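*Asks:* Okay, handing you the structure first.
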Amino acid sequence: MPDLLLELFSEEIPARMQAKAADDLRRMVTDKLVAEGLVYEGAKAFATPRRLALTVHGIPARQSDLKEERRGPRVGGPDAAIQGFLKATGLARIEDAKIQTDPKKGDFYIALIEKPGRATLDVLAEILPVIVRTFPWPKSMRWGERSAKSGSLSWVRPLHSIIATFGPETEEPDVVKFSVDGIEAGQTTFGHRFMAPSAIPVRRFEDYEAKLKAAKVVLDPQARKDIILADAKQLAFAQGFELVEDQVLLDEVAGLVEWPVALMGSFDEEYLTIPDEVIRATIRNNQKCFVVSDPKTGKLTNKFILTANIEATDGGKTIIGGNERVIRARLSDAKFFYETDLKTKLEARLPKFEQIVFHEKLGTQAERIKRIERLAAEIAPLVGADVEKAKRAAHLAKADLLTEVVGEFPELQGLMGKYYAQALGEDASVAAASEEHYKPQGPADRVPTDPVSVAVALADKIDTLAGFWAIDEKPTGSKDPYALRRAALGVIRLIVENTLRLPILNVAKSAMVGLPATGDAQKLPGDLLSFFADRLKVQLRDQGARHDLVDAVFSLGGQDDLLLVVRRVEALGKFLDTDDGKNLLAGTKRASNILAIEEKKDKRTFDGAPNAGLYNLPEEKALAKAIDQVKSEAGAAVAKEDFASAMSAMAKLRPAVDAFFDKVKVNDDEPKVRENRLKLLNEIRAATRAVADFSKIEG
Amino acid sequence: MDALPAHMRPERSFQGFILALQRFWAEQGCVILQPYDMEMGAGTFHPATTLRALGPKRWNAAYVQPSRRPKDGRYGENPNRMQHYYQFQVIMKPSPPNLQDLYLKSLAAIGIDSSLHDIRFVEDDWESPTLGAWGLGWECWCDGMEVSQFTYFQQVAGVECAPVAGELTYGLERLAMYVQGVDRVYDLNFNGRDGADKVTYGDVFLQAEQEYSRHNFEHADTAMLFEQFKMAEEACRKYLAVGWKEGGNQKEHLMALPAYDQCIKASHVFNLLDARGVISVTERQSYIMRVRELAKACGEAWVHTEAGRAI
């Protein structure tokens, strides 16, 4: 079956947009083909800086013929309806329609429409220009003479030519005939901008890709990445060094070249006095080059690897020289920034925060730092941190935001604070907290363990959460501009992974007290707690735990100790995996269901202690006894936070519950006995609440 | 091209470098203008770009524009940051289909051989909040160094560009430093001569950098500047208001250019005030907005003038 080759050749497409554009092109073309009844065998899209290309193979040469029955108006219906029907179906006379009898609604006209399938070449000529015109670039532009008229084509950068060929492997393919804004689809492409700029005639994907390669264009981005990575590693290795791999940079660099050529340059060793991270940020962000480390020391060396887009006639000497000059100038700036920063004490920078607004409604950065200090001091004893150190750490943690290096490279916030604090002789834990208090930044990020860092990290995140809760800027749907979900998850991970006992509700209340905006102080901490509950559910679900168990625990009320919640959930999960657990859950559910029905019938609840005098079957008595025993044993275990034992105690309830349902008829004819038995059922429900609200558990 | 005397070769002298660019773009049909006689932050502010980018009429021009960035002054101590430097500006409306090729040829004309160097077009979307303008394009890299800005104007002074103009801006000192192989701007050979006859960029501009840095950061008269900003803003509005021609069916403006001068003035005065650090973060935004409003009103007036309106 025939294949389609499509190429959209333009001026340089931003690197960050290429992968999605290739994917969009594949999706749009194949979706349209399928919608037209043309099922294909396979499709693959590619992008280089100057072209998007797509191959779709195994497309039928024609659509199959379509037969369709369309139901029309009632026989003898109004003339207007019949005329409309004829027009819509293309029938010449109403006599050409069939009549179908419907026993309920009478007779209807039915038109038999036969739509012969069209040649795929024609279908393509129709759909491709629409795809070009409606392509979803994140940003697009107009250009040239035609941009004077409205409705001119928009593309990411000026589009120069289009290839669209369609045909079977063995024959000369057809050009899909269409044009977009004056650009006629054809079968000509162009090679590398500098090394092979002439026009190249192509027929189909195989010769397209091969001819491009001969013209110094590697079409497949993955192949370009592989080349860059292998060559860069080799260059480093040849000198006894190691490439510092960087996937994001690799992706970007592969989008900046059609013919990657890795070259190694060096810079003066004097710059190695700058912290490695600053060197790397300088070379990576500004120059899009890789850095190289020495495996013996693990530190950076004075080498870098650039990716040129050309095999230069002098073997790259000029290119390396030029890049070295730029990198030297950049590193000289970075060194100057770093040394300037070191001359000013972190503390001396703090007054400036009084001028910097954190958030219009939440005051200045200086005010926020004060709040974090106070909160960190309150949290410190709860997490085993020295109060004075926690306060000091919180005091200094944000100061590096005002340094030159962080101004230049925001991603180095925290890390630079640590270096500057160390240089000033601050306590090691205090210095470390500058970097660590931002952590964890996401589900995969490391969780700090030093108690000082933990105290400041918690204070920082809880202040953020409390603040945005107070001004009602909570996350909604996909919108979470202040990354509050991440902050809450950070709090959860800090607590759980460090096995901390922290009454989160109290801490949140305390955080809210210091805020310039308070909101509804009664309601907010509880609101915030349920946000934590939601985040915890997501977190546990991601780890494969059952989120309904989280509900079952939170539903008990007063659960603001996240660590205990997690332990309860774990114990509950294990218990429910046992036969005892499963059967007890079934029994409890049965009790709850019966109660729900009877409560509805009688319009009353059945709380209150059952009357032992009304028990007249041994199973009743046994159950009552078991409940009493389990209640006290489970209660005692829970008080000791020994949830596993609480569950084992709970297991003892199971035989009595099973026997009760086996032998006892709840709805006894004697109303008093019935009421008493319902009260007993209610006791089962109550007893299990020592560990969780079983009614919230699914299954 | 005629054989150039050695001292005029672009890789030897700064002035030769400028002349080579002018000559190249003159050959592409551009009118070679001289710098606009007002202080401005970038070549884009020149009415030959800002205003001429608007309206349907063909327009191809190239010129050097001294650019004043008061905040970038470093008392002559930084090897490549200055409060006054030169931009070479090219505008072609409509943007020709081979503008990228022309640009690369212009690099060849100043001694940058594309088979020896790594020349790249790296995404850089351009936006000027003060001019109410934006466009898409690239920074052009040569061996890892940004040497030019390449933009397809989509909107200028709040008006959609129809047709779109292509704009090229060359950072002259930086390019010349590269071509001459010097690391400090003040070491650029300005006149291409040797020995006692040699004049460097530092000979011409170092003292000015020191003096203007003092002025911009320490002594510029802020009370006067605040006043000047207001006066320029008022004058701009006044000229715009009286410039509309009475009567006739077609709205016509007769004083868009003088009004726009006042907008340029206001913009530069704002930059000076900003350098003096007397404008707070919140005020800053409102000053930018005020200049933009002037620019937009000037753009609106311009498209009702002889040169700016539909044919």
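Naming scheme: A, B, ... for chains in displayed order of the structure tokens; residues 1 onward per chain; ligands 1 onward as shown.
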Excluding segment 353-362 of chain A and residues on its chain fewer than 3 positions from it, collect all residues at most 12 Å away from it, counting only C-alpha atoms, and give them as number ranges by chain.

*Replies:* A: 346-350, 365-371, 395-396, 398-402, 463-473, 482, 512, 514-519; B: 280-282

*Asks:* May I have the residues from that selection written out with N, CA and C atoms, as a short mmCIF file (atom, residue, chain, number, x, y, z; two decimals), in the first residue's frame?

*Replies:*
data_model
loop_
_atom_site.label_atom_id
_atom_site.label_comp_id
_atom_site.auth_asym_id
_atom_site.auth_seq_id
_atom_site.Cartn_x
_atom_site.Cartn_y
_atom_site.Cartn_z
N LEU A 346 25.75 38.05 54.50
CA LEU A 346 24.35 37.72 54.18
C LEU A 346 23.40 38.60 54.98
N GLU A 347 23.74 38.75 56.25
CA GLU A 347 22.88 39.49 57.15
C GLU A 347 22.67 40.93 56.69
N ALA A 348 23.74 41.49 56.13
CA ALA A 348 23.68 42.89 55.73
C ALA A 348 22.70 43.08 54.58
N ARG A 349 22.34 41.99 53.90
CA ARG A 349 21.42 42.11 52.77
C ARG A 349 19.97 42.18 53.21
N LEU A 350 19.71 41.68 54.43
CA LEU A 350 18.33 41.48 54.84
C LEU A 350 17.45 42.73 54.84
N GLN A 365 8.87 40.47 51.92
CA GLN A 365 9.73 39.32 52.18
C GLN A 365 10.27 39.38 53.60
N ALA A 366 10.58 40.61 54.08
CA ALA A 366 11.12 40.74 55.43
C ALA A 366 10.11 40.21 56.45
N GLU A 367 8.85 40.57 56.25
CA GLU A 367 7.81 40.08 57.17
C GLU A 367 7.68 38.57 57.11
N ARG A 368 7.78 38.07 55.88
CA ARG A 368 7.66 36.63 55.73
C ARG A 368 8.83 35.92 56.43
N ILE A 369 10.02 36.45 56.28
CA ILE A 369 11.17 35.83 56.94
C ILE A 369 10.98 35.82 58.46
N LYS A 370 10.45 36.92 59.00
CA LYS A 370 10.18 36.97 60.45
C LYS A 370 9.21 35.87 60.84
N ARG A 371 8.18 35.69 60.03
CA ARG A 371 7.19 34.64 60.36
C ARG A 371 7.84 33.27 60.34
N HIS A 395 16.52 32.83 59.59
CA HIS A 395 16.88 34.24 59.42
C HIS A 395 17.69 34.44 58.13
N LEU A 396 18.58 33.50 57.85
CA LEU A 396 19.50 33.66 56.73
C LEU A 396 19.07 32.94 55.45
N LYS A 398 16.87 32.96 53.18
CA LYS A 398 16.47 33.60 51.91
C LYS A 398 17.45 34.66 51.45
N ALA A 399 18.47 34.94 52.27
CA ALA A 399 19.32 36.10 51.99
C ALA A 399 20.02 36.02 50.64
N ASP A 400 20.30 34.81 50.18
CA ASP A 400 21.03 34.72 48.91
C ASP A 400 20.20 35.14 47.70
N LEU A 401 18.90 35.31 47.89
CA LEU A 401 18.08 35.78 46.77
C LEU A 401 18.55 37.15 46.29
N LEU A 402 19.23 37.86 47.18
CA LEU A 402 19.67 39.21 46.82
C LEU A 402 21.12 39.25 46.36
N ASP A 463 4.15 28.23 56.30
CA ASP A 463 3.82 29.66 56.19
C ASP A 463 3.21 29.95 54.82
N THR A 464 3.79 29.35 53.79
CA THR A 464 3.26 29.56 52.44
C THR A 464 1.81 29.07 52.36
N LEU A 465 1.59 27.86 52.84
CA LEU A 465 0.25 27.28 52.76
C LEU A 465 -0.74 28.10 53.57
N ALA A 466 -0.37 28.42 54.82
CA ALA A 466 -1.28 29.18 55.68
C ALA A 466 -1.59 30.52 55.04
N GLY A 467 -0.57 31.16 54.47
CA GLY A 467 -0.75 32.48 53.86
C GLY A 467 -1.72 32.44 52.70
N PHE A 468 -1.48 31.54 51.77
CA PHE A 468 -2.35 31.52 50.60
C PHE A 468 -3.75 31.00 50.94
N TRP A 469 -3.84 30.21 52.01
CA TRP A 469 -5.17 29.81 52.47
C TRP A 469 -5.91 31.02 53.03
N ALA A 470 -5.17 31.82 53.79
CA ALA A 470 -5.80 32.98 54.43
C ALA A 470 -6.31 33.97 53.40
N ILE A 471 -5.61 34.11 52.26
CA ILE A 471 -6.10 35.08 51.27
C ILE A 471 -6.90 34.38 50.17
N ASP A 472 -7.25 33.13 50.44
CA ASP A 472 -8.11 32.38 49.54
C ASP A 472 -7.54 32.26 48.13
N GLU A 473 -6.29 31.91 48.05
CA GLU A 473 -5.66 31.65 46.74
C GLU A 473 -5.31 30.16 46.67
N TYR A 482 1.04 28.98 42.85
CA TYR A 482 2.02 29.12 43.94
C TYR A 482 2.57 27.76 44.39
N MET A 512 -1.08 30.91 61.09
CA MET A 512 -2.09 31.88 60.66
C MET A 512 -2.14 33.10 61.56
N GLY A 514 0.23 34.83 62.73
CA GLY A 514 1.20 35.87 62.38
C GLY A 514 0.94 36.55 61.05
N LEU A 515 -0.10 36.13 60.32
CA LEU A 515 -0.30 36.66 58.97
C LEU A 515 -0.97 38.02 58.96
N PRO A 516 -0.63 38.86 57.97
CA PRO A 516 -1.32 40.14 57.87
C PRO A 516 -2.79 39.96 57.49
N ALA A 517 -3.11 38.90 56.77
CA ALA A 517 -4.51 38.61 56.42
C ALA A 517 -4.88 37.31 57.13
N THR A 518 -6.00 37.31 57.81
CA THR A 518 -6.30 36.13 58.60
C THR A 518 -7.41 35.26 58.02
N GLY A 519 -8.31 35.88 57.25
CA GLY A 519 -9.43 35.10 56.74
C GLY A 519 -10.28 34.58 57.88
N SER B 280 10.48 53.74 41.84
CA SER B 280 10.26 52.48 42.55
C SER B 280 9.71 51.42 41.59
N VAL B 281 9.72 50.19 42.07
CA VAL B 281 9.30 49.08 41.21
C VAL B 281 7.87 49.29 40.68
N THR B 282 7.00 49.72 41.55
CA THR B 282 5.61 49.91 41.12
C THR B 282 5.47 51.09 40.17
#

*Asks:* List as JSON, numbers by chain the protein and nucleic acid residues near segment 226-239 of chain B, meaning an atom at most 7 Å away when only C-alpha atoms are counted, but skip any in the same chain fewer than 3 places from it.

*Replies:* {"B": [222, 223, 242, 243, 255, 259, 260, 262, 263, 265, 266, 269, 270]}

*Asks:* Can you check which parts of chain B lie within 9 Å of chain A? Per residue, the shortest pair of atoms and distance in Å to one decimal, counting only C-alpha atoms, sorted by chain and number, as JSON lines.

*Replies:*
{"residue": "B:Pro56", "atom": "CA", "partner": "A:Ala148", "partner_atom": "CA", "distance": 6.9}
{"residue": "B:Pro79", "atom": "CA", "partner": "A:Ala329", "partner_atom": "CA", "distance": 8.8}
{"residue": "B:Lys93", "atom": "CA", "partner": "A:Gly144", "partner_atom": "CA", "distance": 7.7}
{"residue": "B:Pro94", "atom": "CA", "partner": "A:Gly144", "partner_atom": "CA", "distance": 5.0}
{"residue": "B:Ser95", "atom": "CA", "partner": "A:Gly144", "partner_atom": "CA", "distance": 4.6}
{"residue": "B:Pro96", "atom": "CA", "partner": "A:Gly144", "partner_atom": "CA", "distance": 5.8}
{"residue": "B:Pro97", "atom": "CA", "partner": "A:Gly144", "partner_atom": "CA", "distance": 6.5}
{"residue": "B:Gln100", "atom": "CA", "partner": "A:Glu11", "partner_atom": "CA", "distance": 8.2}
{"residue": "B:Ser114", "atom": "CA", "partner": "A:Phe194", "partner_atom": "CA", "distance": 6.9}
{"residue": "B:Ser115", "atom": "CA", "partner": "A:Ala312", "partner_atom": "CA", "distance": 5.6}
{"residue": "B:Leu116", "atom": "CA", "partner": "A:Ala312", "partner_atom": "CA", "distance": 4.9}
{"residue": "B:His117", "atom": "CA", "partner": "A:Ile319", "partner_atom": "CA", "distance": 5.5}
{"residue": "B:Asp118", "atom": "CA", "partner": "A:Ala308", "partner_atom": "CA", "distance": 6.0}
{"residue": "B:Ile119", "atom": "CA", "partner": "A:Asn309", "partner_atom": "CA", "distance": 7.8}
{"residue": "B:Arg120", "atom": "CA", "partner": "A:Leu256", "partner_atom": "CA", "distance": 7.6}
{"residue": "B:Phe121", "atom": "CA", "partner": "A:Glu12", "partner_atom": "CA", "distance": 6.3}
{"residue": "B:Val122", "atom": "CA", "partner": "A:Pro14", "partner_atom": "CA", "distance": 6.9}
{"residue": "B:Glu123", "atom": "CA", "partner": "A:Pro14", "partner_atom": "CA", "distance": 5.1}
{"residue": "B:Asp124", "atom": "CA", "partner": "A:Pro14", "partner_atom": "CA", "distance": 8.4}
{"residue": "B:Gly135", "atom": "CA", "partner": "A:Met141", "partner_atom": "CA", "distance": 7.8}
{"residue": "B:Leu136", "atom": "CA", "partner": "A:Met141", "partner_atom": "CA", "distance": 6.8}
{"residue": "B:Gly137", "atom": "CA", "partner": "A:Arg157", "partner_atom": "CA", "distance": 7.4}
{"residue": "B:Trp138", "atom": "CA", "partner": "A:Glu12", "partner_atom": "CA", "distance": 8.4}
{"residue": "B:Cys142", "atom": "CA", "partner": "A:Gly322", "partner_atom": "CA", "distance": 7.9}
{"residue": "B:Asp143", "atom": "CA", "partner": "A:Ile319", "partner_atom": "CA", "distance": 5.1}
{"residue": "B:Gly144", "atom": "CA", "partner": "A:Asn323", "partner_atom": "CA", "distance": 5.2}
{"residue": "B:Met145", "atom": "CA", "partner": "A:Val326", "partner_atom": "CA", "distance": 6.2}
{"residue": "B:Tyr152", "atom": "CA", "partner": "A:Trp143", "partner_atom": "CA", "distance": 6.8}
{"residue": "B:Phe153", "atom": "CA", "partner": "A:Trp143", "partner_atom": "CA", "distance": 8.4}
{"residue": "B:Gln154", "atom": "CA", "partner": "A:Met141", "partner_atom": "CA", "distance": 6.9}
{"residue": "B:Cys161", "atom": "CA", "partner": "A:Ala148", "partner_atom": "CA", "distance": 7.7}
{"residue": "B:Ala162", "atom": "CA", "partner": "A:Ala148", "partner_atom": "CA", "distance": 4.0}
{"residue": "B:Pro163", "atom": "CA", "partner": "A:Ala148", "partner_atom": "CA", "distance": 3.8}
{"residue": "B:Val164", "atom": "CA", "partner": "A:Trp143", "partner_atom": "CA", "distance": 5.2}
{"residue": "B:Ala165", "atom": "CA", "partner": "A:Gly144", "partner_atom": "CA", "distance": 7.3}
{"residue": "B:Gly166", "atom": "CA", "partner": "A:Trp143", "partner_atom": "CA", "distance": 8.1}
{"residue": "B:Tyr178", "atom": "CA", "partner": "A:Gly322", "partner_atom": "CA", "distance": 7.9}
{"residue": "B:Asp183", "atom": "CA", "partner": "A:Arg325", "partner_atom": "CA", "distance": 7.9}

*Asks:* Would you export the selected residues with C-alpha atoms as a PDB file, in the first residue's frame, please?

*Replies:*
ATOM      1  CA  PRO B  56       1.616  49.360   3.631  1.00  0.00           C
ATOM      2  CA  PRO B  79      35.410  45.309  29.061  1.00  0.00           C
ATOM      3  CA  LYS B  93       9.350  46.118   4.602  1.00  0.00           C
ATOM      4  CA  PRO B  94       7.897  43.813   3.490  1.00  0.00           C
ATOM      5  CA  SER B  95      10.420  41.296   4.810  1.00  0.00           C
ATOM      6  CA  PRO B  96      12.040  39.775   1.697  1.00  0.00           C
ATOM      7  CA  PRO B  97      11.887  35.970   1.390  1.00  0.00           C
ATOM      8  CA  GLN B 100      18.221  35.239   6.304  1.00  0.00           C
ATOM      9  CA  SER B 114      30.233  30.881   7.212  1.00  0.00           C
ATOM     10  CA  SER B 115      32.340  27.862   6.312  1.00  0.00           C
ATOM     11  CA  LEU B 116      34.724  28.626   9.154  1.00  0.00           C
ATOM     12  CA  HIS B 117      32.329  29.841  11.818  1.00  0.00           C
ATOM     13  CA  ASP B 118      29.353  28.276  13.540  1.00  0.00           C
ATOM     14  CA  ILE B 119      26.427  30.549  12.797  1.00  0.00           C
ATOM     15  CA  ARG B 120      23.145  29.787  14.445  1.00  0.00           C
ATOM     16  CA  PHE B 121      19.640  31.219  14.731  1.00  0.00           C
ATOM     17  CA  VAL B 122      18.561  30.741  18.342  1.00  0.00           C
ATOM     18  CA  GLU B 123      14.989  31.520  19.382  1.00  0.00           C
ATOM     19  CA  ASP B 124      14.532  34.952  20.849  1.00  0.00           C
ATOM     20  CA  GLY B 135       7.937  40.271  16.974  1.00  0.00           C
ATOM     21  CA  LEU B 136       9.352  36.788  16.566  1.00  0.00           C
ATOM     22  CA  GLY B 137      12.855  35.911  15.508  1.00  0.00           C
ATOM     23  CA  TRP B 138      16.234  34.923  16.818  1.00  0.00           C
ATOM     24  CA  CYS B 142      28.524  33.271  15.847  1.00  0.00           C
ATOM     25  CA  ASP B 143      30.721  30.707  17.608  1.00  0.00           C
ATOM     26  CA  GLY B 144      28.591  30.953  20.722  1.00  0.00           C
ATOM     27  CA  MET B 145      28.436  34.742  20.761  1.00  0.00           C
ATOM     28  CA  TYR B 152       9.922  39.861  12.119  1.00  0.00           C
ATOM     29  CA  PHE B 153       7.841  42.735  13.504  1.00  0.00           C
ATOM     30  CA  GLN B 154       4.277  41.706  14.162  1.00  0.00           C
ATOM     31  CA  CYS B 161       2.248  45.357  10.891  1.00  0.00           C
ATOM     32  CA  ALA B 162       0.774  44.822   7.431  1.00  0.00           C
ATOM     33  CA  PRO B 163       2.948  43.874   5.750  1.00  0.00           C
ATOM     34  CA  VAL B 164       5.469  42.601   8.230  1.00  0.00           C
ATOM     35  CA  ALA B 165       8.903  44.228   8.284  1.00  0.00           C
ATOM     36  CA  GLY B 166      12.113  42.360   8.991  1.00  0.00           C
ATOM     37  CA  TYR B 178      35.332  39.535  17.542  1.00  0.00           C
ATOM     38  CA  ASP B 183      38.737  41.347  24.472  1.00  0.00           C
TER      39      ASP B 183
END

*Asks:* List every residue of segment 65-302 of chain B that DSSP, applied to the backbone of this structure, places in helix (DSSP H, G or I), and write the result as JSON, numbers by chain.

*Replies:* {"B": [70, 71, 72, 99, 100, 101, 102, 103, 104, 105, 106, 107, 108, 109, 172, 173, 174, 175, 176, 177, 178, 179, 180, 185, 186, 187, 195, 196, 197, 201, 202, 203, 204, 205, 206, 207, 208, 209, 210, 211, 212, 213, 214, 215, 216, 217, 218, 219, 222, 223, 224, 225, 226, 227, 228, 229, 230, 231, 232, 233, 234, 235, 236, 237, 238, 239, 240, 241, 242, 243, 256, 257, 258, 259, 260, 261, 262, 263, 264, 265, 266, 267, 268, 269, 270, 271, 272, 273, 274, 275, 281, 282, 283, 284, 285, 286, 287, 288, 289, 290, 291, 292, 293, 294, 295, 296, 297, 298, 299, 300, 301, 302]}

*Asks:* Near Ser128 of chain B, counting only C-alpha atoms, which residues have an atom at most 12 Å away, once you skip same-chain residues fewer than 4 positions from it, shown as a list in words?

*Replies:*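 The residues satisfying every condition are Gly41, Ala42, Thr44, Phe45, Thr50, Gly132, Ala133, Trp134, Gly135, Leu136, Thr151, Phe153, Gln154, Gln155, Val156, Ala157, Gly158, Ser267, Ile288, Met289, Val291, Arg292 and Ala295 of chain B.
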
*Asks:* Restricting it to N, CA and C atoms, dump the selection as a compact mmCIF listing (two decimals), in the first residue's frame.

*Replies:*
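The resulting file, selection13.txt, is shown below:
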# COMPACT_ATOMS: atom_id res chain seq x y z
N GLY B 41 17.31 54.66 23.38
CA GLY B 41 17.85 53.43 23.97
C GLY B 41 18.23 52.36 22.97
N ALA B 42 17.70 52.45 21.75
CA ALA B 42 17.98 51.42 20.75
C ALA B 42 17.62 51.96 19.37
N THR B 44 15.82 50.77 17.27
CA THR B 44 14.40 50.57 16.94
C THR B 44 13.58 51.84 17.15
N PHE B 45 14.05 52.72 18.10
CA PHE B 45 13.28 53.94 18.38
C PHE B 45 13.32 54.96 17.24
N THR B 50 10.51 52.62 13.88
CA THR B 50 9.24 52.55 14.61
C THR B 50 8.06 52.97 13.75
N GLY B 132 5.16 49.28 22.74
CA GLY B 132 3.96 48.54 22.38
C GLY B 132 4.22 47.67 21.17
N ALA B 133 5.39 47.04 21.15
CA ALA B 133 5.80 46.31 19.95
C ALA B 133 6.25 44.91 20.29
N TRP B 134 6.03 43.98 19.36
CA TRP B 134 6.58 42.64 19.52
C TRP B 134 6.81 41.99 18.16
N GLY B 135 7.67 41.01 18.19
CA GLY B 135 7.94 40.27 16.97
C GLY B 135 8.59 38.95 17.32
N LEU B 136 8.68 38.07 16.33
CA LEU B 136 9.35 36.79 16.57
C LEU B 136 10.62 36.73 15.73
N THR B 151 14.44 40.06 13.78
CA THR B 151 13.04 40.07 14.21
C THR B 151 12.09 40.31 13.05
N PHE B 153 8.79 41.92 12.73
CA PHE B 153 7.84 42.73 13.50
C PHE B 153 6.41 42.27 13.26
N GLN B 154 5.69 42.04 14.33
CA GLN B 154 4.28 41.71 14.16
C GLN B 154 3.40 42.88 14.55
N GLN B 155 3.88 43.63 15.51
CA GLN B 155 3.10 44.78 15.97
C GLN B 155 4.07 45.85 16.43
N VAL B 156 3.79 47.10 16.06
CA VAL B 156 4.62 48.21 16.54
C VAL B 156 3.68 49.36 16.92
N ALA B 157 4.00 50.02 18.01
CA ALA B 157 3.18 51.13 18.50
C ALA B 157 1.71 50.71 18.57
N GLY B 158 1.48 49.48 18.96
CA GLY B 158 0.12 49.00 19.13
C GLY B 158 -0.60 48.72 17.82
N SER B 267 10.96 58.71 26.80
CA SER B 267 11.53 57.39 27.04
C SER B 267 12.95 57.50 27.58
N ILE B 288 6.47 53.08 32.24
CA ILE B 288 6.55 52.34 30.97
C ILE B 288 5.22 52.43 30.24
N MET B 289 4.15 52.28 31.00
CA MET B 289 2.81 52.38 30.41
C MET B 289 2.58 53.76 29.79
N VAL B 291 4.78 55.84 28.56
CA VAL B 291 5.52 55.98 27.30
C VAL B 291 4.81 55.17 26.21
N ARG B 292 4.35 53.98 26.59
CA ARG B 292 3.67 53.16 25.59
C ARG B 292 2.43 53.85 25.05
N ALA B 295 3.56 56.22 22.51
CA ALA B 295 4.00 55.54 21.29
C ALA B 295 2.79 55.08 20.49

*Asks:* If you count only C-alpha atoms, which residues fall within 10 Å of Ala393 of chain A, apart from same-chain ones fewer than 3 positions away, as JSON, numbers by chain?

*Replies:* {"A": [372, 373, 376, 387, 388, 389, 390, 396, 397, 398, 421, 426, 427, 428, 429, 430, 431, 432, 433, 434, 437, 452, 453, 455, 456]}

*Asks:* Please extract the residues of segment 252-443 of chain A with a backbone DSSP assignment of strand (DSSP E) and present them as a short mmCIF file (atom, residue, chain, number, x, y, z; two decimals) with N, CA and C atoms, in the first residue's frame.

*Replies:*
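Output saved as result_11.cif:
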data_model
loop_
_atom_site.label_atom_id
_atom_site.label_comp_id
_atom_site.auth_asym_id
_atom_site.auth_seq_id
_atom_site.Cartn_x
_atom_site.Cartn_y
_atom_site.Cartn_z
N VAL A 261 28.32 18.49 15.50
CA VAL A 261 29.77 18.25 15.58
C VAL A 261 30.21 18.68 16.98
N ALA A 262 30.59 17.69 17.80
CA ALA A 262 31.02 18.02 19.16
C ALA A 262 32.48 18.45 19.15
N LEU A 263 32.77 19.52 19.87
CA LEU A 263 34.14 20.03 19.93
C LEU A 263 34.47 20.36 21.38
N MET A 264 35.73 20.19 21.75
CA MET A 264 36.09 20.49 23.12
C MET A 264 36.94 21.75 23.21
N GLY A 265 36.59 22.60 24.16
CA GLY A 265 37.38 23.80 24.40
C GLY A 265 37.78 23.85 25.86
N SER A 266 38.59 24.84 26.20
CA SER A 266 38.98 24.93 27.61
C SER A 266 38.97 26.37 28.08
N PHE A 290 28.27 21.68 27.35
CA PHE A 290 28.39 20.71 28.44
C PHE A 290 29.67 20.97 29.23
N VAL A 291 29.64 20.60 30.52
CA VAL A 291 30.87 20.69 31.30
C VAL A 291 31.42 19.28 31.51
N VAL A 292 32.66 19.24 31.98
CA VAL A 292 33.41 17.99 32.04
C VAL A 292 34.01 17.87 33.43
N SER A 293 33.97 16.67 33.99
CA SER A 293 34.54 16.52 35.34
C SER A 293 35.73 15.57 35.31
N LEU A 300 34.72 19.63 38.60
CA LEU A 300 34.81 20.03 37.19
C LEU A 300 36.26 20.29 36.80
N THR A 301 36.53 20.09 35.51
CA THR A 301 37.83 20.49 34.99
C THR A 301 37.63 21.76 34.17
N ASN A 302 38.72 22.29 33.66
CA ASN A 302 38.60 23.54 32.88
C ASN A 302 38.32 23.25 31.40
N LYS A 303 37.44 22.29 31.15
CA LYS A 303 37.07 21.94 29.78
C LYS A 303 35.57 22.11 29.59
N PHE A 304 35.17 22.31 28.37
CA PHE A 304 33.74 22.30 28.04
C PHE A 304 33.56 21.70 26.67
N ILE A 305 32.34 21.24 26.40
CA ILE A 305 32.08 20.65 25.08
C ILE A 305 30.94 21.39 24.42
N LEU A 306 31.22 21.89 23.23
CA LEU A 306 30.19 22.61 22.50
C LEU A 306 29.73 21.74 21.34
N THR A 307 28.53 22.03 20.85
CA THR A 307 28.02 21.29 19.69
C THR A 307 27.84 22.28 18.56
N ALA A 308 28.71 22.19 17.57
CA ALA A 308 28.60 23.07 16.41
C ALA A 308 27.65 22.44 15.40
N VAL A 357 8.16 43.12 47.94
CA VAL A 357 6.85 42.56 48.28
C VAL A 357 6.84 41.07 47.95
N PHE A 358 6.46 40.26 48.93
CA PHE A 358 6.32 38.83 48.68
C PHE A 358 5.03 38.58 47.93
N HIS A 359 3.96 39.08 48.50
CA HIS A 359 2.66 39.05 47.84
C HIS A 359 1.89 40.24 48.39
N GLY A 363 2.27 40.80 52.55
CA GLY A 363 3.36 41.61 53.06
C GLY A 363 4.67 41.42 52.34
N THR A 364 5.72 41.98 52.95
CA THR A 364 7.04 41.97 52.32
C THR A 364 7.77 40.67 52.62
#
